[in-house]
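Q: Let me give you the structure first, and then I'll get to my questions.
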Amino acid sequence: MATPVVMPQMGESIAEGTIVRWIKKVGDAVDRDEPLFEISTDKVDAEIPSPVAGTLIDIAVKEGETVAVNSVVATIGAAGEKANEQGAAALADAAPANSPPPSGESQPQAAQGDGTPTKTVSNPSAATSAPAPAATEVKDDDQETAGSDDGRRQKSSPLVRRIAKEHGVDIRQITGTGISGRVTKHDILGYLDAPAAAREPSRAGSGEASPQRPDSRDGGTPPSAPTWSGGGDEVAPMSVMRKKIAEHMIVSRRTSAHVYSVFEVNYSKVDDIRKARRSDYEQRGVKLTFTSFIAKVAVDCLRRHKIINASIDGDNVVYRREINLGIAVALENGLIVPVVKRADDLNILGLSRSIADVADRARAKKLSPDEVHGGTFTITNPGNFGAQFGLPIINQPQVAILGVGAIEKRAVVIDDMIGIRLMGYLTLGYDHRLVDGAVADQFMADVKKGIETFDASQV
Amino acid sequence: MLANEYDVVVVGAGTGGYVAAIRAAQLGLKVAVVEKQKALGGTCLIWGCIPTKALLEHAHALKVAQSGKEWGLTGFDPAAVRIDMPAVHARKDKMITGLTGGIEMLFKKNKIDWIKGSARLTGGKAVEVTLHDGGKQVLTATKEVIVATGSAPRSVPGIEPDRKKIMFSDEAIHLGEVPKTMAIMGSGAVGVEFASIFKSFGSEVTVIELLPRLVPGEDEAVSAELEKTFKRKGIKSLTGTKVTSAKAGAKGVDLELASTDQKTQKMTVDVLLVATGRGPVTDGLGAEAVGLKMDRGYIVVDQQFRTSVAGISAIGDVITMGGPHYQLAHVSSMEGVVLAERIAGHTVTPINYDHVPRCTYCDPEIGSVGFTEAQAREKGYDVRVGVFPFKALARARMAGETDGFVKIVADKKYDEVLGVHIIGPRATELIAEAVLALRLECTVEELVKTIHAHPTMSEAVGEASHAAHGAAIHM
């Protein structure tokens, strides 16, 4: 009995996925729940387990190919069954076994039912560029599936495509006013008529921060400057994660008016507390890090400075009820931002434990899709690698991001004397559309003070 | 809901009103329609589109029979074949009864109440109906009143129809016998259709047009082609000519004509058909009394069909959006659909009136959409044109209908299809493809790459698109 394996739906808004790697080959025996292949979607990477035990008899979708959710990607036959040439035939066989109505669409869902494939995931979104939670109903990378000249299938007319080609315009950049958002002649002519300078803000303005507006016009791989290729150059396709990072970076830069404030912070007190309590915490299985303290102080300050923990939605400001702290985690080939939900409910023990937990699981590709959503503020740590400070890009649709620079001993002037203290720079990247310099600096002054005068009884 | 309270009250059951009513009912609204005529369907079903096209089918049958020899029909004398008007009217009337009855069935199915009487707006969303069977009934609309009272034929100053010898299409459609001679004032759709019908039936027909060419709204090439075929069929065209006087007497109608170059002439005909246009019907409606903004008798509406009075909308022949408005059944119907959807709370986009198909059922038929070549040039397009004549088309030769052509007007720069003008067999059907092409913003390339079935008349559209790109295959 053959069982079709389908591209699982990794989240409500995800329409397709890319097969990154087949872990099993045709002819291999697989156990139920044994990893079969790796996928990468708009939001998450995941290893997909086999829905049943048996033999992999057909692979219908090759590595690197992108298919719609619920498309059949492979067929598992009974143990010892020979490889099947036709996945479709196998699917037909499988239909009665999987009961429900014999329509093509329902079969894959039935197969998914016993598969429970959504187990281990991670987020390809870059630390500083994760997409807006609501901005992910995007069918990116259509160019991979459709392979058409038009790039992604933004609805348009033949005439519009002709005009776009002539003017080198990316139709995805244009808001369609026709039926179902179709870009009409009127739309593209209006776009072309608008002064080039005026186009940018109109794109960004209504874009990423607004939940009703998925970044349909900004999706896909951003256009890049013309390049050249030398003889010995190695050319490799971008991974899905890389493309997403690239895309989200550009989107964020286009959306927010990035401004930075850098504060120097004395970590000496925190270091004392850390040293004093480290072993206690280790006994409880938690590592007390500088990040724990910075996160705790940042969360406390966010509660007092609500505008930093906010978003822009069209003409409205959304002040977030929850403080969901995104922690940027560097991966081998990218970045992800797992989120510690309701970080303000946690004491420093809980916060430390949560941060360590999501970071570990991020590196092990074992996050659930929920855990990469809904962040309201992000901390990133370029200092890990020695940077004095970084200028991080805001994680849309948030309005600020805290960059932690290297913490090291420095000679500082204290009461007109030079002393050695544990110092580090903190950078706040903020969106000047919403956050003014004075507000950002008050927040940062608060953070600095919180760290420098940390109450040891809290730990 | 009270007995006389509805969501929507529609005044007029023509193609605008009845379609609006059905669409509104489909969307869950409770609807009443006020109609004073004995049947539903309005001008289109009772005096307009349907009966005239029925007569055209008779004319076509007659044409085939009269050329029976060519078609290899035997057993009768083709030269002796005549039209039997009572039989024609019987068939036509039976068909119309069937169609208007069909609308009644649709009303019942959609639980729409037909209030038989004459409506008057009384302010707010109330309509007072003077019932045919006595008494008055006041209907109120909780959402909207739709005025769809339509239009009626209209003469020009100085020409007073007696509706016996100087008549409108309303009377011409019921002519019990074929007049020996007929003059037609106006060469718009109505004028040239009746010219074709009565010429076929055996009348001697003269079309008098004030402007320099027949069907002046169409592309110039179409006008020229029609005039040429009319001439061959024996229909006389007097363009650039004004009727200065028309007097009905015992012998018929005495006409005095003056051409633009000041030459005058006189003629006497059995009947004069006045086909100079249609005007709005608002008699007794009380439109001004409730404060509706009017313009030359038409009700002024915006693109969502709102009048100047909240709660009252209007569609169809009776409206103006600030200029001439298409008086076509299919335009009214679409307006009815869009308005009903808007009233039901849907978001609707305004109708693009540049994409309205214009169909004239003369012989040969005319179907057109979009800009004429002249209009396109006037708008500054770098125009290119593709033409394909029906005489080069196999299917047209089979039908023995080789007059006419398909003409595509395109923009050279972006290859956009700007207009399609068809005169010839099934032109009114063939235009559908062009309407879709314009609606979807097609390029000529799309038409070129669209497979047209063989052998069909529609191949002419594909060939014309080839011609616009350089050369037709079969030319």
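Each chain in the structure tokens gets a letter, A, B and so on, in the order shown; residues start at 1 in every chain, and ligands are counted from 1 in the order they appear.
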What's around region 32-47 of chain B at 7 Å? Count only C-alpha atoms, leave out sequence neighbours fewer than 6 positions away in its own chain, and write the answer as a PyMOL selection string.

A: chain B and resi 6+8-15+96+100+103-104+112-119+170+173+329

Q: Any chance you could export the current selection's N, CA and C atoms as a PDB file, in the first residue's frame?

A:
ATOM      1  N   TYR B   6     -39.755  47.568   2.334  1.00  0.00           N
ATOM      2  CA  TYR B   6     -38.802  46.685   1.645  1.00  0.00           C
ATOM      3  C   TYR B   6     -37.395  47.210   1.895  1.00  0.00           C
ATOM      4  N   VAL B   8     -35.315  47.362  -0.721  1.00  0.00           N
ATOM      5  CA  VAL B   8     -35.091  48.114  -1.946  1.00  0.00           C
ATOM      6  C   VAL B   8     -36.404  48.236  -2.708  1.00  0.00           C
ATOM      7  N   VAL B   9     -36.702  49.432  -3.171  1.00  0.00           N
ATOM      8  CA  VAL B   9     -37.855  49.636  -4.048  1.00  0.00           C
ATOM      9  C   VAL B   9     -37.327  50.118  -5.394  1.00  0.00           C
ATOM     10  N   VAL B  10     -37.663  49.361  -6.454  1.00  0.00           N
ATOM     11  CA  VAL B  10     -37.185  49.694  -7.784  1.00  0.00           C
ATOM     12  C   VAL B  10     -38.347  50.273  -8.584  1.00  0.00           C
ATOM     13  N   VAL B  11     -38.117  51.400  -9.235  1.00  0.00           N
ATOM     14  CA  VAL B  11     -39.152  51.979 -10.092  1.00  0.00           C
ATOM     15  C   VAL B  11     -38.772  51.703 -11.540  1.00  0.00           C
ATOM     16  N   GLY B  12     -39.524  50.828 -12.164  1.00  0.00           N
ATOM     17  CA  GLY B  12     -39.256  50.465 -13.551  1.00  0.00           C
ATOM     18  C   GLY B  12     -38.683  49.071 -13.663  1.00  0.00           C
ATOM     19  N   ALA B  13     -39.285  48.266 -14.544  1.00  0.00           N
ATOM     20  CA  ALA B  13     -38.864  46.867 -14.672  1.00  0.00           C
ATOM     21  C   ALA B  13     -38.251  46.599 -16.034  1.00  0.00           C
ATOM     22  N   GLY B  14     -37.495  47.572 -16.534  1.00  0.00           N
ATOM     23  CA  GLY B  14     -36.742  47.339 -17.757  1.00  0.00           C
ATOM     24  C   GLY B  14     -35.482  46.555 -17.452  1.00  0.00           C
ATOM     25  N   THR B  15     -34.572  46.524 -18.396  1.00  0.00           N
ATOM     26  CA  THR B  15     -33.370  45.695 -18.192  1.00  0.00           C
ATOM     27  C   THR B  15     -32.502  46.216 -17.066  1.00  0.00           C
ATOM     28  N   ILE B  96     -42.179  37.162 -27.259  1.00  0.00           N
ATOM     29  CA  ILE B  96     -42.057  38.205 -26.240  1.00  0.00           C
ATOM     30  C   ILE B  96     -42.846  37.826 -24.997  1.00  0.00           C
ATOM     31  N   THR B 100     -41.241  37.833 -21.318  1.00  0.00           N
ATOM     32  CA  THR B 100     -41.698  38.662 -20.196  1.00  0.00           C
ATOM     33  C   THR B 100     -42.253  37.775 -19.093  1.00  0.00           C
ATOM     34  N   ILE B 103     -39.533  36.631 -16.921  1.00  0.00           N
ATOM     35  CA  ILE B 103     -39.099  37.566 -15.869  1.00  0.00           C
ATOM     36  C   ILE B 103     -40.038  37.468 -14.670  1.00  0.00           C
ATOM     37  N   GLU B 104     -41.349  37.318 -14.979  1.00  0.00           N
ATOM     38  CA  GLU B 104     -42.302  37.149 -13.877  1.00  0.00           C
ATOM     39  C   GLU B 104     -41.945  35.924 -13.035  1.00  0.00           C
ATOM     40  N   ILE B 112     -39.687  38.595  -5.361  1.00  0.00           N
ATOM     41  CA  ILE B 112     -39.761  40.032  -5.616  1.00  0.00           C
ATOM     42  C   ILE B 112     -41.221  40.392  -5.872  1.00  0.00           C
ATOM     43  N   ASP B 113     -41.705  41.422  -5.193  1.00  0.00           N
ATOM     44  CA  ASP B 113     -43.099  41.837  -5.401  1.00  0.00           C
ATOM     45  C   ASP B 113     -43.191  42.811  -6.561  1.00  0.00           C
ATOM     46  N   TRP B 114     -44.074  42.516  -7.508  1.00  0.00           N
ATOM     47  CA  TRP B 114     -44.357  43.426  -8.618  1.00  0.00           C
ATOM     48  C   TRP B 114     -45.580  44.246  -8.240  1.00  0.00           C
ATOM     49  N   ILE B 115     -45.360  45.535  -8.017  1.00  0.00           N
ATOM     50  CA  ILE B 115     -46.457  46.433  -7.678  1.00  0.00           C
ATOM     51  C   ILE B 115     -46.908  47.081  -8.985  1.00  0.00           C
ATOM     52  N   LYS B 116     -48.146  46.762  -9.410  1.00  0.00           N
ATOM     53  CA  LYS B 116     -48.612  47.220 -10.725  1.00  0.00           C
ATOM     54  C   LYS B 116     -49.240  48.597 -10.619  1.00  0.00           C
ATOM     55  N   GLY B 117     -48.524  49.575 -11.100  1.00  0.00           N
ATOM     56  CA  GLY B 117     -49.032  50.929 -11.035  1.00  0.00           C
ATOM     57  C   GLY B 117     -47.944  51.921 -11.386  1.00  0.00           C
ATOM     58  N   SER B 118     -48.261  53.214 -11.181  1.00  0.00           N
ATOM     59  CA  SER B 118     -47.310  54.268 -11.516  1.00  0.00           C
ATOM     60  C   SER B 118     -46.714  54.840 -10.241  1.00  0.00           C
ATOM     61  N   ALA B 119     -45.410  55.024 -10.255  1.00  0.00           N
ATOM     62  CA  ALA B 119     -44.723  55.433  -9.034  1.00  0.00           C
ATOM     63  C   ALA B 119     -44.464  56.929  -9.019  1.00  0.00           C
ATOM     64  N   ASP B 170     -41.484  52.549 -31.746  1.00  0.00           N
ATOM     65  CA  ASP B 170     -42.543  51.873 -30.990  1.00  0.00           C
ATOM     66  C   ASP B 170     -43.700  51.468 -31.896  1.00  0.00           C
ATOM     67  N   ILE B 173     -42.502  48.972 -35.050  1.00  0.00           N
ATOM     68  CA  ILE B 173     -42.342  47.570 -34.693  1.00  0.00           C
ATOM     69  C   ILE B 173     -43.665  46.820 -34.855  1.00  0.00           C
ATOM     70  N   ALA B 329     -29.311  48.307 -23.361  1.00  0.00           N
ATOM     71  CA  ALA B 329     -29.837  47.364 -22.371  1.00  0.00           C
ATOM     72  C   ALA B 329     -28.723  46.746 -21.539  1.00  0.00           C
TER      73      ALA B 329
END

Q: Report as a list in words all protein, DNA and RNA residues lying within 7 Å of Gly383 (chain A), evaluated on only C-alpha atoms, omitting residues in the same chain fewer than 3 positions from it.

A: Gly386, Ala387, Gln388, Phe389, Val404, Gly405 and Ala406 of chain A

Q: Please write the residues from the selection above to a file, keeping C-alpha atoms, as a compact mmCIF listing (two decimals), in the first residue's frame.

A:
# COMPACT_ATOMS: atom_id res chain seq x y z
CA GLY A 386 34.15 41.42 19.35
CA ALA A 387 32.35 44.29 17.70
CA GLN A 388 32.46 47.46 19.82
CA PHE A 389 28.99 48.24 18.69
CA VAL A 404 24.89 44.85 22.52
CA GLY A 405 28.56 45.61 21.88
CA ALA A 406 31.57 43.79 23.28

Q: Quick check for you: according to DSSP on this backbone, which residues of region 213-333 of chain A are classed as strand (DSSP E)? Reply as a VMD selection string.

A: chain A and resid 258 to 266 310 to 313 316 to 319 325 to 327 329 to 331

Q: Given only C-alpha atoms, how would the per-residue table for chain B near chain A read, listing every residue at most 9 Å away with its closest atom pair and distance in Å to one decimal, sorted by chain and number, as JSON lines?

A:
{"residue": "B:Thr349", "atom": "CA", "partner": "A:Gly178", "partner_atom": "CA", "distance": 8.3}
{"residue": "B:Lys413", "atom": "CA", "partner": "A:Ile163", "partner_atom": "CA", "distance": 8.9}
{"residue": "B:Tyr414", "atom": "CA", "partner": "A:Ile163", "partner_atom": "CA", "distance": 6.2}
{"residue": "B:Asp415", "atom": "CA", "partner": "A:Leu159", "partner_atom": "CA", "distance": 7.4}
{"residue": "B:Glu416", "atom": "CA", "partner": "A:Leu159", "partner_atom": "CA", "distance": 6.0}
{"residue": "B:Val417", "atom": "CA", "partner": "A:Leu159", "partner_atom": "CA", "distance": 8.7}
{"residue": "B:Leu440", "atom": "CA", "partner": "A:Ser157", "partner_atom": "CA", "distance": 6.1}
{"residue": "B:Glu441", "atom": "CA", "partner": "A:Leu159", "partner_atom": "CA", "distance": 5.5}
{"residue": "B:Cys442", "atom": "CA", "partner": "A:Pro158", "partner_atom": "CA", "distance": 5.3}
{"residue": "B:Thr443", "atom": "CA", "partner": "A:Leu159", "partner_atom": "CA", "distance": 5.5}
{"residue": "B:Glu445", "atom": "CA", "partner": "A:Pro158", "partner_atom": "CA", "distance": 8.8}
{"residue": "B:Glu446", "atom": "CA", "partner": "A:Pro158", "partner_atom": "CA", "distance": 7.5}

Q: Can you pull out every residue within 10 Å of Lys263 (chain B), counting only C-alpha atoms, but drop anything in the same chain fewer than 5 positions away, and send it as a CSV table (one decimal) with C-alpha atoms, in the first residue's frame?

A:
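So the final result, stored in out-v3.csv, reads:
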chain,number,residue,atom,x,y,z
B,241,THR,CA,-29.2,66.1,-45.0
B,257,LEU,CA,-35.1,68.1,-47.1
B,258,ALA,CA,-32.1,70.4,-47.1

Q: Using only C-alpha atoms, which protein or nucleic acid residues come within 10 Å of Arg358 (chain B)? Drop anything in the same chain fewer than 4 positions from it, and give the result as a list in words.

A: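 Residues meeting the cut-off are Ala189, Gly217, Glu218, Tyr326, Leu328, His330, Val331, Ile366, Gly367, Ser368, Val369, Gly370, His421, Thr428, Ile431 and Val435 of chain B.
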
Q: Could you save those same residues with N, CA and C atoms as a compact mmCIF listing (two decimals), in the first residue's frame?

A:
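After the write, out-v8.txt holds the following:
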# COMPACT_ATOMS: atom_id res chain seq x y z
N ALA B 189 -28.31 53.34 -34.50
CA ALA B 189 -28.65 51.91 -34.50
C ALA B 189 -30.10 51.68 -34.93
N GLY B 217 -21.51 57.33 -34.95
CA GLY B 217 -20.76 56.99 -33.74
C GLY B 217 -19.69 55.95 -33.98
N GLU B 218 -19.76 55.30 -35.14
CA GLU B 218 -18.82 54.20 -35.41
C GLU B 218 -17.57 54.70 -36.11
N TYR B 326 -24.56 55.99 -22.36
CA TYR B 326 -25.02 54.91 -23.24
C TYR B 326 -26.45 54.51 -22.90
N LEU B 328 -28.18 51.64 -23.59
CA LEU B 328 -28.11 50.27 -24.08
C LEU B 328 -28.56 49.33 -22.97
N HIS B 330 -27.62 46.35 -22.20
CA HIS B 330 -26.58 45.65 -21.44
C HIS B 330 -25.84 46.59 -20.49
N VAL B 331 -25.83 47.87 -20.82
CA VAL B 331 -25.23 48.84 -19.88
C VAL B 331 -26.13 48.97 -18.66
N ILE B 366 -23.09 45.36 -37.12
CA ILE B 366 -21.92 46.10 -36.64
C ILE B 366 -21.73 45.79 -35.15
N GLY B 367 -20.52 45.45 -34.81
CA GLY B 367 -20.18 45.29 -33.39
C GLY B 367 -18.88 46.03 -33.15
N SER B 368 -18.85 46.84 -32.12
CA SER B 368 -17.62 47.58 -31.88
C SER B 368 -17.42 47.82 -30.40
N VAL B 369 -16.17 48.06 -30.05
CA VAL B 369 -15.84 48.38 -28.66
C VAL B 369 -14.57 49.22 -28.66
N GLY B 370 -14.50 50.13 -27.72
CA GLY B 370 -13.29 50.94 -27.56
C GLY B 370 -13.22 52.09 -28.54
N HIS B 421 -13.47 47.06 -34.33
CA HIS B 421 -14.65 47.48 -35.09
C HIS B 421 -14.95 46.42 -36.11
N THR B 428 -22.04 41.13 -34.10
CA THR B 428 -22.50 41.40 -32.73
C THR B 428 -22.11 40.27 -31.78
N ILE B 431 -17.90 40.43 -31.38
CA ILE B 431 -17.34 41.53 -30.59
C ILE B 431 -17.04 41.10 -29.14
N VAL B 435 -14.36 42.59 -26.47
CA VAL B 435 -14.73 43.25 -25.21
C VAL B 435 -13.89 42.68 -24.07

Q: What is the distance, in Å and to one decimal place, between CA of Ala440 (chain A) and CA of Cys301 (chain A)?

A: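 Value for the CA of Ala440 (chain A)-CA of Cys301 (chain A) distance: 11.2 Å.
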
Q: Residues at most 10 Å from Trp22 (chain A), counting only C-alpha atoms, excluding those fewer than 4 positions away in the same chain, as a count of residues only?

A: 13

Q: Please provide the set of residues having any atom within 10 Å of region 159-166 of chain B, restricted to only C-alpha atoms, with same-chain residues fewer than 2 positions apart removed, written as a ChimeraX atom specification.

A: /B:154-157,168-172,175,182-184,243-253,269-274

Q: Please provide the set of residues having any atom within 12 Å of Ala396 (chain B), restricted to only C-alpha atoms, with same-chain residues fewer than 6 positions apart removed, written as a ChimeraX atom specification.

A: /B:364,389-390,402-405,424-427,454-460

Q: Which distance in Å separates CA of Ile76 (chain A) and CA of Ala15 (chain A), to one decimal?

A: 23.4 Å

Q: Please, what distance in Å, to one decimal, runs between CA of Lys63 (chain B) and CA of Arg82 (chain B)?

A: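 Between CA of Lys63 (chain B) and CA of Arg82 (chain B) the gap works out to 10.0 Å.
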